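For reference, start-v4.txt is printed below; it contains compact mmCIF, C-alpha atoms.
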```txt
# COMPACT_ATOMS: atom_id res chain seq x y z
CA MET Y 247 43.04 15.82 6.90
CA PHE Y 248 43.30 14.16 10.33
CA LEU Y 249 40.12 12.11 9.76
CA ILE Y 250 41.30 11.11 6.28
CA ALA Y 251 44.61 9.92 7.76
CA LEU Y 252 42.71 7.85 10.37
CA LEU Y 253 40.46 6.40 7.67
CA LEU Y 254 43.50 5.45 5.59
CA ALA Y 255 45.08 3.81 8.66
CA PHE Y 256 41.85 1.87 9.26
CA ILE Y 257 41.84 0.75 5.62
CA ALA Y 258 45.48 -0.30 6.00
CA GLY Y 259 44.51 -2.43 9.01
CA ILE Y 260 41.74 -4.13 7.05
CA SER Y 261 44.09 -4.64 4.13
CA MET Y 262 46.77 -6.17 6.38
CA ALA Y 263 44.36 -8.76 7.77
CA VAL Y 264 43.13 -9.69 4.28
CA GLN Y 265 46.66 -9.66 2.82
CA GLY Y 266 48.00 -11.83 5.63
CA SER Y 267 45.21 -14.33 5.10
CA LEU Y 268 45.78 -14.46 1.36
CA ASN Y 269 49.54 -14.81 1.81
CA ALA Y 270 49.09 -17.57 4.40
CA GLY Y 271 46.85 -19.46 1.97
CA LEU Y 272 49.43 -19.08 -0.78
CA GLY Y 273 52.18 -20.15 1.64
CA LYS Y 274 50.33 -23.40 2.38
CA ILE Y 275 50.32 -24.20 -1.32
CA ILE Y 276 53.75 -23.05 -2.51
CA GLY Y 277 55.75 -22.63 0.73
CA LEU Y 278 56.40 -19.71 3.08
CA LEU Y 279 59.53 -18.28 1.48
CA GLU Y 280 58.13 -18.88 -1.98
CA ALA Y 281 54.95 -16.99 -1.09
CA THR Y 282 57.01 -14.14 0.38
CA PHE Y 283 59.00 -13.94 -2.85
CA THR Y 284 55.90 -14.17 -5.04
CA VAL Y 285 53.98 -11.37 -3.31
CA HIS Y 286 57.04 -9.10 -3.48
CA VAL Y 287 57.39 -9.74 -7.22
CA ILE Y 288 53.71 -8.98 -7.75
CA GLY Y 289 54.03 -5.82 -5.65
CA THR Y 290 57.10 -4.76 -7.63
CA VAL Y 291 55.22 -5.18 -10.91
CA ALA Y 292 52.25 -3.22 -9.53
CA ILE Y 293 54.36 -0.30 -8.30
CA PHE Y 294 56.37 -0.29 -11.55
CA PHE Y 295 53.08 0.07 -13.42
CA ALA Y 296 51.89 2.88 -11.13
CA LEU Y 297 55.18 4.80 -11.28
CA PHE Y 298 56.27 4.42 -14.87
CA LEU Y 299 53.14 3.76 -16.89
CA LEU Y 300 50.54 5.74 -14.94
CA ARG Y 301 53.11 8.29 -13.66
CA LEU Y 302 51.47 8.48 -10.23
CA GLY Y 303 54.62 9.23 -8.24
CA LYS Y 304 56.22 12.56 -7.39
CA GLY Y 305 59.01 12.03 -9.92
CA ASN Y 306 61.79 12.18 -7.29
CA LEU Y 307 63.54 8.86 -7.94
CA GLY Y 308 66.68 10.82 -8.73
CA GLU Y 309 66.88 11.66 -5.01
CA ILE Y 310 67.51 8.02 -4.04
CA PRO Y 311 71.25 8.58 -3.37
CA ASN Y 312 70.45 11.49 -1.04
CA ALA Y 313 68.45 9.48 1.50
CA PRO Y 314 70.29 8.05 4.54
CA TRP Y 315 71.21 4.38 4.08
CA TYR Y 316 69.13 3.18 7.04
CA LEU Y 317 65.90 4.40 5.44
CA TYR Y 318 66.29 1.61 2.87
CA LEU Y 319 66.06 -1.07 5.57
CA GLY Y 320 62.28 -0.89 5.12
CA GLY Y 321 62.70 -3.05 2.02
CA LEU Y 322 64.40 -5.79 4.02
CA ILE Y 323 61.96 -5.40 6.89
CA SER Y 324 59.03 -5.85 4.49
CA VAL Y 325 60.35 -9.33 3.69
CA VAL Y 326 60.45 -10.14 7.42
CA ILE Y 327 56.93 -8.73 7.88
CA ILE Y 328 55.38 -10.68 5.01
CA TYR Y 329 57.09 -13.91 6.06
CA ALA Y 330 56.24 -13.50 9.75
CA VAL Y 331 52.61 -12.54 9.10
CA LEU Y 332 51.88 -15.40 6.72
CA SER Y 333 53.70 -17.86 8.95
CA SER Y 334 51.94 -16.77 12.14
CA ILE Y 335 48.48 -16.59 10.55
CA ALA Y 336 48.94 -20.08 9.11
CA THR Y 337 49.82 -21.37 12.59
CA VAL Y 338 47.62 -19.48 15.08
CA GLY Y 339 44.89 -17.92 12.92
CA VAL Y 340 44.11 -14.42 11.70
CA ALA Y 341 42.67 -12.91 14.91
CA THR Y 342 45.40 -14.21 17.23
CA ALA Y 343 48.23 -13.27 14.88
CA THR Y 344 46.75 -9.84 14.20
CA THR Y 345 46.34 -9.20 17.92
CA ALA Y 346 50.01 -9.99 18.54
CA ILE Y 347 50.98 -7.84 15.55
CA ILE Y 348 49.01 -4.86 16.84
CA VAL Y 349 50.47 -5.06 20.35
CA GLY Y 350 54.01 -5.23 18.94
CA GLN Y 351 53.26 -2.49 16.44
CA VAL Y 352 51.81 -0.04 18.97
CA GLY Y 353 54.55 -0.63 21.55
CA THR Y 354 57.25 -0.05 18.96
CA ALA Y 355 55.40 2.94 17.50
CA LEU Y 356 55.28 4.60 20.92
CA LEU Y 357 59.03 4.14 21.32
CA ILE Y 358 59.74 5.49 17.82
CA ASP Y 359 57.47 8.49 18.48
CA HIS Y 360 59.06 9.19 21.85
CA LEU Y 361 62.60 9.08 20.45
CA GLY Y 362 61.73 10.82 17.18
CA CYS Y 363 63.53 8.12 15.21
CA PHE Y 364 64.22 8.25 11.47
CA GLY Y 365 63.72 12.00 11.19
CA LEU Y 366 60.12 11.85 12.41
CA GLU Y 367 58.61 14.38 14.77
CA ARG Y 368 59.23 13.58 18.44
CA ILE Y 369 55.96 12.84 20.29
CA PRO Y 370 56.64 12.32 24.01
CA PHE Y 371 55.41 9.23 25.83
CA THR Y 372 52.84 10.01 28.55
CA TRP Y 373 51.22 8.08 31.35
CA LEU Y 374 47.91 8.22 29.48
CA LYS Y 375 49.58 6.41 26.59
CA ALA Y 376 50.91 3.85 29.08
CA VAL Y 377 47.34 3.26 30.28
CA GLY Y 378 46.25 2.94 26.64
CA VAL Y 379 48.91 0.30 25.99
CA LEU Y 380 47.86 -1.51 29.16
CA PHE Y 381 44.25 -1.59 27.96
CA LEU Y 382 45.42 -2.71 24.54
CA ALA Y 383 47.41 -5.55 26.10
CA LEU Y 384 44.41 -6.52 28.25
CA GLY Y 385 42.20 -6.46 25.17
CA ALA Y 386 44.74 -8.65 23.39
CA LYS Y 387 44.68 -11.09 26.31
CA PHE Y 388 40.88 -11.25 26.12
CA MET Y 389 41.06 -11.78 22.36
CA LEU Y 390 43.40 -14.73 22.88
CA MET Y 391 41.18 -16.45 25.47
CA LYS Y 392 39.17 -19.41 24.25
```

Here is a file; write its structure as structure tokens.
Amino acid sequence: MFLIALLLAFIAGISMAVQGSLNAGLGKIIGLLEATFTVHVIGTVAIFFALFLLRLGKGNLGEIPNAPWYLYLGGLISVVIIYAVLSSIATVGVATATTAIIVGQVGTALLIDHLGCFGLERIPFTWLKAVGVLFLALGAKFMLMK
């Protein structure tokens, strides 16, 4: 299961780079906010199809009122993510934007893990992880050099 989870994460990373590039291209044609809106509408239609026509979900939509309010902020944050990714890729390119995204993502993920935020398991921060972040930041710096 661990290797499958890593493979899925790797696929997500590939998908994010491709998605960001596609969204940036769309943003150049129709505008940044318009592209953000459009991709969310398309995503909504796709998930509607998967949930209600293909019945691929768990069938727990009735539990929506039982989740803490802050867990729904992901919907708002997804708008920020899509807008920021397509805007940054359009300005600085896919590799540079993705490098900055990864550094921000890993730093925040370490903090969330350490604090056990949002009901997730607490995974303590260690000095080895600090060294890993340092190497990641150095790698990012090298990636940004011309």

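Relative to atom CA of Y:Ser333, atom CA of Y:Gly353 is found at 21.4 Å.
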
Review point. Can you tell me how far atom CA of Y:Val379 sits from atom CA of Y:Ile250, in Å to one decimal?
Key: 23.7 Å

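Here the question is which of Y:Ile335, Y:Ala346, Y:Leu380, Y:Ile369 gets nearest to Y:Gly271 using all atoms listed in the file, and that residue is Y:Ile335.
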
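Nearest residue to Y:Lys387 among Y:Val349, Y:Val325, Y:Ile260, Y:Ile358 is Y:Val349, counting all atoms listed in the file.
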
**Study point:** Given only C-alpha atoms as the counted atoms, nearest of Y:Ala281, Y:Thr354, Y:His286, Y:Phe295 to Y:Leu322
**Key:** Y:His286

**Study point:** Among the residues Y:Pro311, Y:Ala296, Y:Tyr316, Y:Thr344, the one that comes closest to Y:Ser261 [using all atoms listed in the file]
**Key:** Y:Thr344

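Proximity of Y:Leu252, Y:Leu317, Y:Ala270, Y:Leu307 to Y:Val338, computed with all atoms listed in the file, is greatest for Y:Ala270.
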